[in-house]
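Participant: My structure is below; once you've seen it, I'll send some questions.
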Amino acid sequence: MPSRKFADGEIVRGRWPGSSLYYEVEVLSQDSKSHLYTVKYKDGTELELKESDIKPLTSFRQRKSGSSSSSPSRRRGSRSRSRSRSPGRPPKSTRRSASQHAEIKDKKDILEINLTPLKQSANSISRYNGEPDRIERNDISHRNIQDKSYLSQESSYLATQYSLRPRKEEIKFEELISKEERNLVAPKSIRTFEMTATEPEDLEFGGGFGAFSIMIGLPVMLFMLLLMCRQEDPSLVNLPPPLPPLTDLWETRVFGICLLWFFLQALFHLLPIGRVVEGTPLCSGRRLKYRLNGFYAFILTSVVIGTSLYWGIELYYVYEHFLQFAIAATVFSVALSIYLYVRSLKASKDELSPGKSGNVIYDFFIGRELNPRIGHFDLKYFCELRPGLIGWVVINLIMLLAEMKVQHRETPSLAMILVNSFQLLYVLDALWNEEALLTTMDIIHDGFGFMLAFGDLVWVPFVYSLQAFYLVSHPYEVSWLFASIIIVLKLSGYTVFRCANSQKNAFRKNPNDPNLAHLKIIHTSSGKNLLVSGWWGFVRHPNYLGDLIMALSWSLPCGFNHILPYIYVIYFTILLIHREARDEHQCKKKYGLAWEKYCQRVPYRIFPYIY
């Protein structure tokens with residue numbers, strides 16, 4: 001499956017055969033055998049060009065129109081201009097430069113007459129974030145007519161874009177172009193992020209007011225759920241549950257244990273074990289390095305927990321003070337969020353998230369800094385998988401032991417075993433495939449603020465373990481037949497989830513893998529391809545579909561007496577639908593026309609036959 005750099009309909013620069021001049025062309029098609037691109041020039045001429053004779057629009061820097069009539073040597077910068085004007089040593093080629101200037105001016109006039117503007121394709125997008133190029137006032141002007149972009153004939157666009165330098169200067173200019181391509185034209189990408197992020201209509205979660213409501217509502221919802229699980233009848237008609245005395249909500253020892261857990265996982269993360277890989281390119285062009293040792297951290301944590309049980313340390317203490325642990329974790333996440341916001345005020349522009357808005361409340365919630373690091377210690381990457389995810393499994397184990405003690409059982413119930421086993425498999429899968437996290441929206445787009453800090457350190461370990469916490473006080477006997485059905489459902493969801501993610505990750509690593517040759521793709525001008533067959537031709541987000549099926553299998557062992565164990569499924573469905581909408585928005589900006597073609601080929605989003 002050959003790679004393809006330029007998409008059909010993309011506006012690029014094509015070299016005129018036999019010359020060093022680049023003209024604006026539209027890509028019409030590519031021959032799969034010869035790999036030649038059929039392009040159309042502005043005067044209607046259609047030619048076949050090699051990929052090496054085509055360059056993206058972003059490779060050519062804009063020059064001021066006022067300098068377009070100057071000689072080529074005077075357009076190179078202040079340095080060469082000062083040499084050419086030196087009164088003591090006039091250049092020997094003065095007459096020659098003057099004649100070249102007259103000749104170039106004539107050529108420029110011919111170009112402006114013969115070449116007519118061409119419609120820009122919706123696939124003409126910038127390199128980093130896929131948004132349409134936004135031109136500043138001192139660059140070329142353009143106007144939008146019915147969402148289609150046309151170049152203005154009154155601007156100096158043609159005079160500044162077509163290279164009319166002598167051959168020696170042309171070679172130097174091409175070397176400069178290749179250097180800029182390697183740097184991914186970072187300053188322009190940063191300006192694009194700033195312009196899009198500050199627009200109020202682009203703010204997610206309802207802007208500042210919505211972010212403030214979520215920051216208050218989620219902790220309250222969490223505490224209500226935990227208090228309801230303690231009641232004999234945890235039905236919704238008994239809301240709100242009775243509140244305990246304020247003196248019972250905080251215990252310094254509990255907060256100390258939370259800090260100990262956090263720094264223990266940080267210590268495991270800093271151990272020099274596991275592979276070191278590079279993440280996706282940032283807007284500055286550099287790629288951060290990450291150490292993949294989450295699975296080793298889980299093994300070390302298991303050894304610590306096993307040793308604690310062997311020494312007779314009473315883990316039942318966590319169940320008795322579960323609400324206090326949730327409050328302590330919330331306080332820690334708020335303190336961490338404040339630290340992240342304050343340090344982001346000193347961060348450089350290329351270290352900030354594209355989602356920042358300038359609104360203090362919204363930025364505190366969504367996060368300003370994209371990858372906050374203390375030395376080589378990446379705070380966001382660490383919190384995504386370590387304290388909360390591994391803590392979730394440990395809490396489930398504690399609930400299993402608490403069930404045996406509270407219900408006076410010699411062995412845990414089948415329902416508790418199913419919940420622990422299903423969720424343990426989910427966590428182990430995430431830690432084993434840790435590298436896949438580096439391509440998620442959380443890492444490459446969202447800043448690190450309250451949203452991720454609270455979600456990773458509080459919501460995941462204390463809400464995702466709600467089924468196990470519920471079963472301690474509300475046992476449910478599951479028949480082996482019903483257990484078999486739940487196991488099949490779980491394995492089905494896991495198969496969809498893992499196969500879809502594995503296929504996506506394998507394609508991202510090596511699109512030319514012979515094992516993937518049967519897959520159909522759509523080319524995009526960003527350099528990436530979209531899968532339209534296999535798992536990703538079934539629905540647009542088959543991994544989300546598998547995730548939801550697994551979430552349902554976690555709740556079914558709790559029975560049907562109350563809706564409380566199914567709160568997670570309801571919440572997770574809302575979360576994935578919202579995340580899917582965010583994915584759609586980002587992909588539409590990133591892939592342009594190619595994304596519209598993809599949506600026509602794969603119309604269903606998460607559920608098959610449901611838009």
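Labels used: A, B, ... for chains in the order of the structure tokens, numbers from 1 for residues in each chain, and numbers from 1 for ligands as shown.
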For Arg230 (chain A), please output as a PDB file with C-alpha atoms, in the first residue's frame all residues within 8 Å (counting only C-alpha atoms; exclusion window: fewer than 4 positions along the same chain).

Facilitator:
```
ATOM      1  CA  LEU A 226     -20.591   7.000  47.785  1.00  0.00           C
ATOM      2  CA  PRO A 234     -29.727   3.004  47.690  1.00  0.00           C
ATOM      3  CA  TYR A 470     -21.833  -1.470  45.961  1.00  0.00           C
ATOM      4  CA  SER A 473     -23.232  -3.885  51.270  1.00  0.00           C
TER       5      SER A 473
END
```

Participant: Fewer than 3 positions away in the same chain doesn't count, so skip those; otherwise give me all residues within 10 Å of Glu46 (chain A), counting only C-alpha atoms, as a list of chain:residue names.

Facilitator: A:Val25, A:Glu26, A:Val27, A:Leu28, A:Thr38, A:Val39, A:Lys40, A:Tyr41, A:Lys42, A:Asp43, A:Leu49

Participant: Now that the selection is made, can you save its residues with N, CA and C atoms as a PDB file, in the first residue's frame?

Facilitator:
```
ATOM      1  N   VAL A  25      -0.686  24.937  -8.472  1.00  0.00           N
ATOM      2  CA  VAL A  25      -1.394  23.918  -9.233  1.00  0.00           C
ATOM      3  C   VAL A  25      -2.397  23.218  -8.329  1.00  0.00           C
ATOM      4  N   GLU A  26      -3.323  22.536  -8.937  1.00  0.00           N
ATOM      5  CA  GLU A  26      -4.302  21.721  -8.224  1.00  0.00           C
ATOM      6  C   GLU A  26      -4.032  20.250  -8.534  1.00  0.00           C
ATOM      7  N   VAL A  27      -3.928  19.434  -7.485  1.00  0.00           N
ATOM      8  CA  VAL A  27      -3.698  18.002  -7.675  1.00  0.00           C
ATOM      9  C   VAL A  27      -5.002  17.350  -8.127  1.00  0.00           C
ATOM     10  N   LEU A  28      -4.963  16.692  -9.280  1.00  0.00           N
ATOM     11  CA  LEU A  28      -6.159  16.026  -9.806  1.00  0.00           C
ATOM     12  C   LEU A  28      -6.206  14.552  -9.438  1.00  0.00           C
ATOM     13  N   THR A  38      -1.054  13.925 -11.523  1.00  0.00           N
ATOM     14  CA  THR A  38      -1.626  14.753 -12.573  1.00  0.00           C
ATOM     15  C   THR A  38      -2.085  16.054 -11.939  1.00  0.00           C
ATOM     16  N   VAL A  39      -1.522  17.181 -12.400  1.00  0.00           N
ATOM     17  CA  VAL A  39      -1.826  18.478 -11.799  1.00  0.00           C
ATOM     18  C   VAL A  39      -2.344  19.417 -12.874  1.00  0.00           C
ATOM     19  N   LYS A  40      -3.042  20.453 -12.441  1.00  0.00           N
ATOM     20  CA  LYS A  40      -3.625  21.427 -13.351  1.00  0.00           C
ATOM     21  C   LYS A  40      -3.127  22.809 -12.977  1.00  0.00           C
ATOM     22  N   TYR A  41      -2.497  23.494 -13.941  1.00  0.00           N
ATOM     23  CA  TYR A  41      -2.009  24.844 -13.717  1.00  0.00           C
ATOM     24  C   TYR A  41      -3.153  25.841 -13.875  1.00  0.00           C
ATOM     25  N   LYS A  42      -2.879  27.086 -13.485  1.00  0.00           N
ATOM     26  CA  LYS A  42      -3.938  28.097 -13.512  1.00  0.00           C
ATOM     27  C   LYS A  42      -4.406  28.443 -14.921  1.00  0.00           C
ATOM     28  N   ASP A  43      -3.529  28.236 -15.910  1.00  0.00           N
ATOM     29  CA  ASP A  43      -3.940  28.530 -17.284  1.00  0.00           C
ATOM     30  C   ASP A  43      -4.650  27.361 -17.943  1.00  0.00           C
ATOM     31  N   LEU A  49       3.579  15.233 -12.878  1.00  0.00           N
ATOM     32  CA  LEU A  49       4.795  15.620 -12.168  1.00  0.00           C
ATOM     33  C   LEU A  49       5.179  14.546 -11.160  1.00  0.00           C
TER      34      LEU A  49
END
```

Participant: Find the distance between CA of Ala500 (chain A) and CA of Trp535 (chain A) and write it in Å to one decimal.

Facilitator: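 About the pair CA of Ala500 (chain A) and CA of Trp535 (chain A): they are 5.5 Å apart.
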
Participant: Find the distance between CA of Trp554 (chain A) and CA of Tyr566 (chain A) and write it in Å to one decimal.

Facilitator: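 Value for the CA of Trp554 (chain A)-CA of Tyr566 (chain A) distance: 8.9 Å.
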
Participant: So how many Å separate CA of His578 (chain A) and CA of His541 (chain A), to one decimal?

Facilitator: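 Separation between CA of His578 (chain A) and CA of His541 (chain A): 12.5 Å.
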
Participant: A:Thr247, A:Asn505, A:Ser32, A:Ser337: which is nearest Lys380 (chain A), counting only C-alpha atoms?

Facilitator: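 For Lys380 (chain A), the nearest of the given residues is A:Ser337.
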
Participant: Near region 406-422 of chain A, counting only C-alpha atoms, which residues have an atom at most 12 Å away, once you skip same-chain residues fewer than 5 positions from it, shown as an MDAnalysis selection string?

Facilitator: chainID A and resid 316 319:320 392:401 427:429 464:491 493:494 547 549:559 565

Participant: Report the residues of region 438-503 of chain A whose backbone DSSP state falls under helix (DSSP H, G or I), written as a PyMOL selection string.

Facilitator: chain A and resi 438-439+441-444+450-463+466-473+480-503

Participant: Taking only C-alpha atoms into account, name the residue in A:Ala7, A:Trp432, A:Lys509, A:Thr330 that is nearest to Ile521 (chain A).

Facilitator: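 Under the stated criterion, the closest residue is A:Ala7.
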
Participant: Write down as a PyMOL selection string the residues of region 402-587 of chain A whose backbone DSSP state falls under strand (DSSP E or B).

Facilitator: chain A and resi 521-523+529-531

Participant: Considering only C-alpha atoms, can you say which of A:Glu204, A:Asp8, A:Asp31, A:Asp233 comes closest to His585 (chain A)?

Facilitator: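 Between A:Glu204, A:Asp8, A:Asp31, A:Asp233, the residue approaching His585 (chain A) most closely is A:Glu204.
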
Participant: Choose the residue, out of A:Leu225, A:Met451, A:Ile54, A:Leu236, that has the smallest atom-to-atom separation from Ser20 (chain A); count only C-alpha atoms.

Facilitator: A:Ile54

Participant: Would you mind telling me which residue in A:Arg508, A:Lys55, A:Lys289, A:Lys33 lies nearest to Lys5 (chain A) when using only C-alpha atoms?

Facilitator: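 That would be A:Lys55, the residue with the smallest distance to Lys5 (chain A).
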